[in-house]
>>> print(open('final-v1.pdb').read())   # PDB, C-alpha atoms, pLDDT in the B column
MODEL        1
ATOM      1  CA  MET A   1      29.625 -21.477  13.980  1.00 96.00           C
ATOM      2  CA  LYS A   2      28.786 -21.221  17.651  1.00 96.00           C
ATOM      3  CA  TYR A   3      25.101 -20.835  18.507  1.00 97.00           C
ATOM      4  CA  PRO A   4      22.534 -23.634  17.965  1.00 97.00           C
ATOM      5  CA  ASP A   5      19.716 -21.484  16.538  1.00 97.00           C
ATOM      6  CA  ASN A   6      22.131 -19.697  14.225  1.00 98.00           C
ATOM      7  CA  ILE A   7      23.648 -23.035  13.174  1.00 98.00           C
ATOM      8  CA  LEU A   8      20.187 -24.209  12.124  1.00 98.00           C
ATOM      9  CA  GLU A   9      19.500 -20.935  10.287  1.00 97.00           C
ATOM     10  CA  VAL A  10      22.719 -21.200   8.294  1.00 98.00           C
ATOM     11  CA  GLY A  11      22.072 -24.895   7.792  1.00 98.00           C
ATOM     12  CA  SER A  12      18.810 -24.034   6.046  1.00 97.00           C
ATOM     13  CA  LEU A  13      20.908 -22.373   3.296  1.00 97.00           C
ATOM     14  CA  LEU A  14      22.596 -25.745   2.671  1.00 97.00           C
ATOM     15  CA  PRO A  15      26.267 -24.746   2.593  1.00 97.00           C
ATOM     16  CA  ASP A  16      28.573 -27.571   1.536  1.00 97.00           C
ATOM     17  CA  TYR A  17      30.626 -27.215   4.723  1.00 98.00           C
ATOM     18  CA  MET A  18      30.109 -25.723   8.171  1.00 98.00           C
ATOM     19  CA  GLY A  19      33.045 -24.985  10.445  1.00 97.00           C
ATOM     20  CA  PHE A  20      33.400 -25.409  14.204  1.00 98.00           C
ATOM     21  CA  ILE A  21      36.508 -23.996  15.846  1.00 97.00           C
ATOM     22  CA  PHE A  22      38.091 -26.132  18.545  1.00 98.00           C
ATOM     23  CA  TRP A  23      40.923 -23.729  19.360  1.00 95.00           C
ATOM     24  CA  GLU A  24      40.280 -22.374  22.851  1.00 94.00           C
ATOM     25  CA  LYS A  25      41.923 -18.998  22.221  1.00 93.00           C
ATOM     26  CA  SER A  26      39.432 -18.163  19.467  1.00 93.00           C
ATOM     27  CA  ALA A  27      36.452 -15.897  20.113  1.00 92.00           C
ATOM     28  CA  ARG A  28      34.540 -18.438  18.012  1.00 94.00           C
ATOM     29  CA  TYR A  29      35.580 -21.413  20.160  1.00 96.00           C
ATOM     30  CA  PHE A  30      32.915 -24.109  20.040  1.00 97.00           C
ATOM     31  CA  ASP A  31      32.116 -26.291  23.026  1.00 95.00           C
ATOM     32  CA  GLY A  32      28.396 -26.871  22.618  1.00 95.00           C
ATOM     33  CA  VAL A  33      26.045 -29.288  20.936  1.00 96.00           C
ATOM     34  CA  ILE A  34      25.700 -29.320  17.161  1.00 97.00           C
ATOM     35  CA  PRO A  35      21.996 -29.576  16.282  1.00 97.00           C
ATOM     36  CA  ASN A  36      20.857 -31.995  13.600  1.00 97.00           C
ATOM     37  CA  LEU A  37      21.863 -30.661  10.194  1.00 97.00           C
ATOM     38  CA  PRO A  38      21.009 -31.819   6.668  1.00 97.00           C
ATOM     39  CA  LYS A  39      23.214 -34.784   5.740  1.00 96.00           C
ATOM     40  CA  SER A  40      24.625 -32.892   2.737  1.00 97.00           C
ATOM     41  CA  ILE A  41      26.451 -30.438   5.037  1.00 98.00           C
ATOM     42  CA  LYS A  42      29.945 -31.576   6.024  1.00 98.00           C
ATOM     43  CA  LYS A  43      30.864 -30.599   9.569  1.00 98.00           C
ATOM     44  CA  VAL A  44      34.433 -29.299   9.749  1.00 98.00           C
ATOM     45  CA  GLY A  45      36.493 -29.250  12.925  1.00 98.00           C
ATOM     46  CA  VAL A  46      39.085 -26.472  12.931  1.00 97.00           C
ATOM     47  CA  PHE A  47      42.226 -27.174  14.977  1.00 98.00           C
ATOM     48  CA  VAL A  48      45.439 -25.259  15.688  1.00 96.00           C
ATOM     49  CA  ASN A  49      48.526 -27.304  16.668  1.00 97.00           C
ATOM     50  CA  GLU A  50      46.346 -29.842  18.450  1.00 97.00           C
ATOM     51  CA  THR A  51      47.252 -33.425  19.347  1.00 97.00           C
ATOM     52  CA  THR A  52      46.096 -36.331  17.222  1.00 97.00           C
ATOM     53  CA  GLU A  53      44.264 -37.749  20.239  1.00 97.00           C
ATOM     54  CA  VAL A  54      42.174 -34.617  20.768  1.00 98.00           C
ATOM     55  CA  ILE A  55      41.346 -34.355  17.066  1.00 98.00           C
ATOM     56  CA  LEU A  56      40.241 -37.981  16.930  1.00 97.00           C
ATOM     57  CA  ALA A  57      38.100 -37.551  20.049  1.00 97.00           C
ATOM     58  CA  LYS A  58      36.385 -34.448  18.630  1.00 98.00           C
ATOM     59  CA  ALA A  59      35.875 -36.154  15.260  1.00 97.00           C
ATOM     60  CA  ILE A  60      33.989 -38.951  16.999  1.00 97.00           C
ATOM     61  CA  LYS A  61      32.100 -36.751  19.468  1.00 97.00           C
ATOM     62  CA  TYR A  62      30.840 -34.318  16.823  1.00 97.00           C
ATOM     63  CA  ASP A  63      30.656 -36.725  13.866  1.00 97.00           C
ATOM     64  CA  LEU A  64      33.000 -34.563  11.816  1.00 98.00           C
ATOM     65  CA  GLN A  65      33.371 -35.098   8.072  1.00 98.00           C
ATOM     66  CA  ALA A  66      36.426 -32.863   7.662  1.00 98.00           C
ATOM     67  CA  ILE A  67      39.397 -31.690   9.710  1.00 98.00           C
ATOM     68  CA  GLN A  68      40.943 -28.275   9.041  1.00 98.00           C
ATOM     69  CA  LEU A  69      44.514 -27.951  10.308  1.00 98.00           C
ATOM     70  CA  HIS A  70      45.237 -24.287  10.899  1.00 94.00           C
ATOM     71  CA  GLY A  71      48.558 -24.442  12.738  1.00 94.00           C
ATOM     72  CA  HIS A  72      52.109 -25.505  11.978  1.00 95.00           C
ATOM     73  CA  GLU A  73      51.280 -29.185  11.528  1.00 97.00           C
ATOM     74  CA  SER A  74      54.033 -31.149   9.810  1.00 97.00           C
ATOM     75  CA  VAL A  75      53.763 -33.559   6.902  1.00 98.00           C
ATOM     76  CA  GLU A  76      54.377 -36.404   9.350  1.00 98.00           C
ATOM     77  CA  PHE A  77      51.584 -35.190  11.613  1.00 98.00           C
ATOM     78  CA  CYS A  78      49.152 -35.037   8.681  1.00 97.00           C
ATOM     79  CA  LEU A  79      50.163 -38.507   7.555  1.00 97.00           C
ATOM     80  CA  ASN A  80      49.700 -39.982  11.028  1.00 97.00           C
ATOM     81  CA  LEU A  81      46.337 -38.250  11.375  1.00 97.00           C
ATOM     82  CA  LYS A  82      45.235 -39.500   7.962  1.00 96.00           C
ATOM     83  CA  ASN A  83      46.128 -43.055   8.992  1.00 96.00           C
ATOM     84  CA  GLU A  84      44.223 -42.748  12.273  1.00 96.00           C
ATOM     85  CA  LEU A  85      41.074 -41.078  10.925  1.00 95.00           C
ATOM     86  CA  ASP A  86      38.189 -42.748   9.177  1.00 91.00           C
ATOM     87  CA  SER A  87      39.144 -42.694   5.481  1.00 91.00           C
ATOM     88  CA  LYS A  88      35.950 -40.767   4.678  1.00 95.00           C
ATOM     89  CA  ILE A  89      37.054 -37.778   6.777  1.00 98.00           C
ATOM     90  CA  GLU A  90      38.716 -35.101   4.669  1.00 98.00           C
ATOM     91  CA  ILE A  91      41.892 -33.335   5.758  1.00 98.00           C
ATOM     92  CA  ILE A  92      42.205 -29.665   4.815  1.00 98.00           C
ATOM     93  CA  LYS A  93      45.660 -28.154   5.422  1.00 98.00           C
ATOM     94  CA  VAL A  94      45.733 -24.392   5.818  1.00 97.00           C
ATOM     95  CA  PHE A  95      48.548 -22.127   4.647  1.00 96.00           C
ATOM     96  CA  SER A  96      48.828 -18.444   5.531  1.00 92.00           C
ATOM     97  CA  VAL A  97      49.622 -16.491   2.391  1.00 93.00           C
ATOM     98  CA  ASP A  98      51.266 -13.146   1.774  1.00 90.00           C
ATOM     99  CA  ASP A  99      52.957 -11.621  -1.273  1.00 89.00           C
ATOM    100  CA  ASP A 100      56.132 -13.634  -0.655  1.00 90.00           C
ATOM    101  CA  PHE A 101      54.491 -17.030  -0.119  1.00 93.00           C
ATOM    102  CA  ASP A 102      56.612 -19.917  -1.419  1.00 94.00           C
ATOM    103  CA  PHE A 103      54.321 -22.477  -3.046  1.00 96.00           C
ATOM    104  CA  GLU A 104      57.132 -25.047  -2.964  1.00 96.00           C
ATOM    105  CA  VAL A 105      56.247 -25.732   0.677  1.00 96.00           C
ATOM    106  CA  LEU A 106      53.020 -27.366  -0.507  1.00 97.00           C
ATOM    107  CA  LYS A 107      54.588 -30.272  -2.392  1.00 97.00           C
ATOM    108  CA  PRO A 108      55.262 -32.612   0.562  1.00 97.00           C
ATOM    109  CA  PHE A 109      51.684 -32.114   1.783  1.00 98.00           C
ATOM    110  CA  GLU A 110      49.998 -33.151  -1.454  1.00 96.00           C
ATOM    111  CA  ALA A 111      49.960 -36.837  -0.527  1.00 95.00           C
ATOM    112  CA  VAL A 112      48.761 -36.341   3.055  1.00 97.00           C
ATOM    113  CA  CYS A 113      45.764 -34.036   2.693  1.00 97.00           C
ATOM    114  CA  ASP A 114      42.669 -33.804   0.531  1.00 98.00           C
ATOM    115  CA  TYR A 115      42.593 -30.044   0.088  1.00 98.00           C
ATOM    116  CA  PHE A 116      44.665 -26.956   0.754  1.00 98.00           C
ATOM    117  CA  LEU A 117      43.134 -23.795   2.179  1.00 97.00           C
ATOM    118  CA  PHE A 118      44.767 -20.435   1.539  1.00 96.00           C
ATOM    119  CA  ASP A 119      44.115 -17.774   4.154  1.00 93.00           C
ATOM    120  CA  THR A 120      45.609 -14.343   4.725  1.00 90.00           C
ATOM    121  CA  LYS A 121      48.765 -14.236   6.820  1.00 80.00           C
ATOM    122  CA  GLY A 122      48.045 -12.172   9.918  1.00 68.00           C
ATOM    123  CA  LYS A 123      48.413 -11.939  13.682  1.00 66.00           C
ATOM    124  CA  LEU A 124      45.961 -14.784  14.289  1.00 62.00           C
ATOM    125  CA  PRO A 125      45.953 -18.305  12.758  1.00 59.00           C
ATOM    126  CA  GLY A 126      42.750 -17.279  10.965  1.00 53.00           C
ATOM    127  CA  GLY A 127      39.798 -14.938  11.191  1.00 54.00           C
ATOM    128  CA  ASN A 128      41.841 -11.815  10.455  1.00 56.00           C
ATOM    129  CA  GLY A 129      39.122 -10.546   8.118  1.00 67.00           C
ATOM    130  CA  THR A 130      41.418  -9.391   5.325  1.00 77.00           C
ATOM    131  CA  THR A 131      42.148 -10.699   1.842  1.00 88.00           C
ATOM    132  CA  PHE A 132      45.585 -11.380   0.444  1.00 90.00           C
ATOM    133  CA  ASP A 133      46.562 -10.421  -3.107  1.00 91.00           C
ATOM    134  CA  TRP A 134      44.989 -13.238  -5.107  1.00 92.00           C
ATOM    135  CA  LYS A 135      47.401 -12.587  -7.982  1.00 92.00           C
ATOM    136  CA  VAL A 136      49.937 -14.741  -6.110  1.00 94.00           C
ATOM    137  CA  LEU A 137      47.693 -17.718  -6.942  1.00 94.00           C
ATOM    138  CA  GLU A 138      48.885 -17.419 -10.535  1.00 92.00           C
ATOM    139  CA  LYS A 139      52.044 -19.137  -9.272  1.00 93.00           C
ATOM    140  CA  TYR A 140      50.099 -22.098  -7.857  1.00 96.00           C
ATOM    141  CA  PRO A 141      51.959 -25.155  -9.187  1.00 94.00           C
ATOM    142  CA  SER A 142      49.630 -27.924  -8.051  1.00 94.00           C
ATOM    143  CA  SER A 143      46.480 -29.656  -9.247  1.00 95.00           C
ATOM    144  CA  LYS A 144      45.368 -30.174  -5.630  1.00 97.00           C
ATOM    145  CA  PRO A 145      41.950 -28.477  -5.188  1.00 98.00           C
ATOM    146  CA  PHE A 146      41.937 -25.614  -2.704  1.00 98.00           C
ATOM    147  CA  PHE A 147      39.641 -23.517  -0.553  1.00 97.00           C
ATOM    148  CA  LEU A 148      40.040 -19.751  -0.794  1.00 96.00           C
ATOM    149  CA  SER A 149      39.680 -17.884   2.484  1.00 94.00           C
ATOM    150  CA  GLY A 150      40.488 -14.584   4.129  1.00 90.00           C
ATOM    151  CA  GLY A 151      38.075 -11.674   4.417  1.00 89.00           C
ATOM    152  CA  ILE A 152      35.749 -12.779   1.633  1.00 94.00           C
ATOM    153  CA  GLY A 153      32.503 -10.815   1.534  1.00 93.00           C
ATOM    154  CA  ILE A 154      29.912  -9.795  -1.021  1.00 92.00           C
ATOM    155  CA  GLU A 155      32.358  -7.180  -2.398  1.00 92.00           C
ATOM    156  CA  GLU A 156      34.816  -9.947  -3.345  1.00 92.00           C
ATOM    157  CA  LEU A 157      32.304 -12.111  -5.182  1.00 90.00           C
ATOM    158  CA  GLU A 158      33.101 -10.829  -8.672  1.00 91.00           C
ATOM    159  CA  ALA A 159      36.827 -11.381  -8.138  1.00 92.00           C
ATOM    160  CA  VAL A 160      36.102 -14.921  -6.926  1.00 92.00           C
ATOM    161  CA  LYS A 161      34.075 -15.550 -10.069  1.00 92.00           C
ATOM    162  CA  GLU A 162      37.024 -14.384 -12.168  1.00 92.00           C
ATOM    163  CA  ILE A 163      39.321 -16.885 -10.428  1.00 93.00           C
ATOM    164  CA  SER A 164      36.792 -19.647 -11.075  1.00 91.00           C
ATOM    165  CA  LYS A 165      37.101 -18.939 -14.814  1.00 92.00           C
ATOM    166  CA  THR A 166      40.828 -19.693 -14.775  1.00 92.00           C
ATOM    167  CA  ASN A 167      42.556 -23.083 -14.760  1.00 94.00           C
ATOM    168  CA  LEU A 168      43.176 -22.837 -11.026  1.00 96.00           C
ATOM    169  CA  PRO A 169      41.583 -25.758  -9.129  1.00 97.00           C
ATOM    170  CA  LEU A 170      39.472 -23.513  -6.876  1.00 97.00           C
ATOM    171  CA  TYR A 171      37.248 -25.964  -5.012  1.00 97.00           C
ATOM    172  CA  ALA A 172      35.385 -23.805  -2.495  1.00 96.00           C
ATOM    173  CA  ILE A 173      35.312 -20.431  -0.813  1.00 95.00           C
ATOM    174  CA  ASP A 174      35.442 -20.065   2.936  1.00 95.00           C
ATOM    175  CA  VAL A 175      33.408 -17.151   4.301  1.00 94.00           C
ATOM    176  CA  ASN A 176      33.331 -16.050   7.896  1.00 92.00           C
ATOM    177  CA  SER A 177      34.017 -12.657   9.470  1.00 90.00           C
ATOM    178  CA  LYS A 178      32.448 -10.481   6.753  1.00 93.00           C
ATOM    179  CA  PHE A 179      29.108 -12.188   7.487  1.00 95.00           C
ATOM    180  CA  GLU A 180      29.145 -11.890  11.259  1.00 95.00           C
ATOM    181  CA  ILE A 181      27.034  -9.860  13.658  1.00 96.00           C
ATOM    182  CA  GLU A 182      29.528 -10.840  16.354  1.00 95.00           C
ATOM    183  CA  SER A 183      32.139 -13.598  16.613  1.00 92.00           C
ATOM    184  CA  GLY A 184      30.475 -16.899  15.756  1.00 94.00           C
ATOM    185  CA  LEU A 185      27.055 -15.353  15.018  1.00 97.00           C
ATOM    186  CA  LYS A 186      26.299 -15.176  11.287  1.00 97.00           C
ATOM    187  CA  ASN A 187      24.017 -12.707   9.504  1.00 97.00           C
ATOM    188  CA  ILE A 188      21.609 -15.000   7.694  1.00 97.00           C
ATOM    189  CA  GLU A 189      20.328 -12.267   5.336  1.00 96.00           C
ATOM    190  CA  LYS A 190      23.848 -11.404   4.179  1.00 96.00           C
ATOM    191  CA  LEU A 191      24.706 -15.059   3.657  1.00 96.00           C
ATOM    192  CA  ASN A 192      21.529 -15.650   1.692  1.00 95.00           C
ATOM    193  CA  SER A 193      22.260 -12.610  -0.474  1.00 93.00           C
ATOM    194  CA  PHE A 194      25.798 -13.879  -1.095  1.00 93.00           C
ATOM    195  CA  LYS A 195      24.553 -17.320  -2.039  1.00 91.00           C
ATOM    196  CA  THR A 196      21.952 -16.031  -4.485  1.00 89.00           C
ATOM    197  CA  THR A 197      24.142 -13.374  -6.134  1.00 82.00           C
TER     198      THR A 197
ENDMDL
END
>>> encode(input="final-v1.pdb", output="structure tokens")
Amino acid sequence: MKYPDNILEVGSLLPDYMGFIFWEKSARYFDGVIPNLPKSIKKVGVFVNETTEVILAKAIKYDLQAIQLHGHESVEFCLNLKNELDSKIEIIKVFSVDDDFDFEVLKPFEAVCDYFLFDTKGKLPGGNGTTFDWKVLEKYPSSKPFFLSGGIGIEELEAVKEISKTNLPLYAIDVNSKFEIESGLKNIEKLNSFKTT
């Protein structure tokens, strides 16, 4: 999210989470003021290979309830961040997935984050607007709940529903580019249609 009026519009739909990207190279980079949102919405700060100090400062400044790590953060980094953050702030570690993704890399992270997020491997750390082959999730060896991301739009909703019927611990879906008018500006009608479908 990027624009105050649009943030309030999306907030009226009561999503569980709302993301704010603090990676300066992103077209969705956020450096504004977050308007007052319903308390049920968790504000997520999205970071890419950022320092612990910057993350902590942003968490305080924007009253973040979750931190999404979208870079090459190590297990040690996640552990240190977890120890420094308020215990109520969730840590979401992102992994870029393709057909050859090795789920073994997840194991060391299980103890240092609250959720995984699986996004499509692409040129950018995120926001590539494409889905990966969700069949690879059949190899998921963990009970750690995860967010599913990567080019999810209304067309993917039935496939998402099928995944939710399996034993996979799908916790949430992360939607973004398929619902944008431009980078950071969401189409409220499309989002509302998605939510009510």
>>> closest_residue(input="final-v1.pdb", among="A:Glu138, A:Lys190, A:Val112, A:Leu13", to="Glu76 of chain A", atoms="all atoms listed in the file")
A:Val112
>>> closest_atom_pairs(input="final-v1.pdb", of="segment 91-142 of chain A", to="segment 164-182 of chain A", cutoff="12 Å", atoms="all atoms listed in the file", output="tab-separated table")
residue	atom	partner	partner_atom	distance
A:Ile92	CA	A:Ala172	CA	11.6
A:Val94	CA	A:Asp174	CA	11.5
A:Asp114	CA	A:Tyr171	CA	11.0
A:Tyr115	CA	A:Tyr171	CA	8.4
A:Phe116	CA	A:Tyr171	CA	9.4
A:Leu117	CA	A:Asp174	CA	8.6
A:Phe118	CA	A:Asp174	CA	9.4
A:Asp119	CA	A:Asp174	CA	9.1
A:Thr120	CA	A:Asp174	CA	11.8
A:Gly126	CA	A:Asn176	CA	10.0
A:Gly127	CA	A:Ser177	CA	6.4
A:Asn128	CA	A:Ser177	CA	7.9
A:Gly129	CA	A:Ser177	CA	5.7
A:Thr130	CA	A:Ser177	CA	9.1
A:Thr131	CA	A:Lys178	CA	10.9
A:Trp134	CA	A:Leu168	CA	11.4
A:Lys135	CA	A:Leu168	CA	11.5
A:Val136	CA	A:Leu168	CA	11.6
A:Leu137	CA	A:Leu168	CA	8.0
A:Glu138	CA	A:Leu168	CA	7.9
A:Lys139	CA	A:Leu168	CA	9.8
A:Tyr140	CA	A:Leu168	CA	7.6
A:Pro141	CA	A:Leu168	CA	9.3
A:Ser142	CA	A:Pro169	CA	8.4
>>> closest_residue(input="final-v1.pdb", among="A:Leu56, A:Ile89, A:Met1, A:Ile152", to="Ile21 of chain A", atoms="all atoms listed in the file")
A:Met1
>>> resolve_selection(input="final-v1.pdb", expression="the PyMOL selection byres ((chain A and resi 99-109) around 7)", output="short mmCIF file (atom, residue, chain, number, x, y, z; two decimals) with C-alpha atoms, keeping the file's coordinate frame")
data_model
loop_
_atom_site.label_atom_id
_atom_site.label_comp_id
_atom_site.auth_asym_id
_atom_site.auth_seq_id
_atom_site.Cartn_x
_atom_site.Cartn_y
_atom_site.Cartn_z
CA VAL A 75 53.76 -33.56 6.90
CA VAL A 97 49.62 -16.49 2.39
CA ASP A 98 51.27 -13.15 1.77
CA GLU A 110 50.00 -33.15 -1.45
CA ALA A 111 49.96 -36.84 -0.53
CA VAL A 112 48.76 -36.34 3.06
CA CYS A 113 45.76 -34.04 2.69
CA ASP A 133 46.56 -10.42 -3.11
CA VAL A 136 49.94 -14.74 -6.11
CA TYR A 140 50.10 -22.10 -7.86
#
>>> residues_around(input="final-v1.pdb", residues="Ile7 of chain A", least_positions_apart="4", cutoff="8 Å", atoms="only C-alpha atoms", output="PyMOL selection string")
chain A and resi 1-3+11+34-35
>>> closest_residue(input="final-v1.pdb", among="A:Trp23, A:Gly184, A:Lys161, A:Lys93", to="Pro145 of chain A", atoms="only C-alpha atoms")
A:Lys93
>>> axis_aligned_box(input="final-v1.pdb", around="segment 46-53 of chain A", padding_each_side="4 Å", output="lines of an AutoDock Vina configuration file")
center_x = 43.8
center_y = -31.5
center_z = 16.6
size_x = 17.4
size_y = 20.5
size_z = 15.3
>>> atom_distance(input="final-v1.pdb", atom1="atom CA of Asn192 of chain A", atom2="atom CA of Leu157 of chain A")
13.3 Å
>>> atom_distance(input="final-v1.pdb", atom1="atom CA of Lys42 of chain A", atom2="atom CA of Tyr17 of chain A")
4.6 Å
>>> resolve_selection(input="final-v1.pdb", expression="the PyMOL selection byres ((chain A and resi 77) around 12)", output="list in words")
Asn49, Glu50, Thr51, Thr52, Glu53, Ile55, Leu69, Gly71, His72, Glu73, Ser74, Val75, Glu76, Cys78, Leu79, Asn80, Leu81, Lys82, Asn83, Glu84, Ile91, Lys93, Pro108, Phe109, Val112 and Cys113 of chain A
>>> atom_distance(input="final-v1.pdb", atom1="atom CA of Ile188 of chain A", atom2="atom CA of Phe146 of chain A")
25.2 Å
>>> residues_near_point(input="final-v1.pdb", point="(27.1, -32.7, 8.0)", cutoff="8 Å", atoms="all atoms listed in the file", output="PyMOL selection string")
chain A and resi 17-18+37-43+63-65
>>> closest_residue(input="final-v1.pdb", among="A:His70, A:Lys58, A:Lys195, A:Arg28", to="Ser149 of chain A", atoms="only C-alpha atoms")
A:His70
>>> closest_residue(input="final-v1.pdb", among="A:Asp31, A:Glu189, A:Glu9, A:Asp86", to="Tyr62 of chain A", atoms="all atoms listed in the file")
A:Asp31
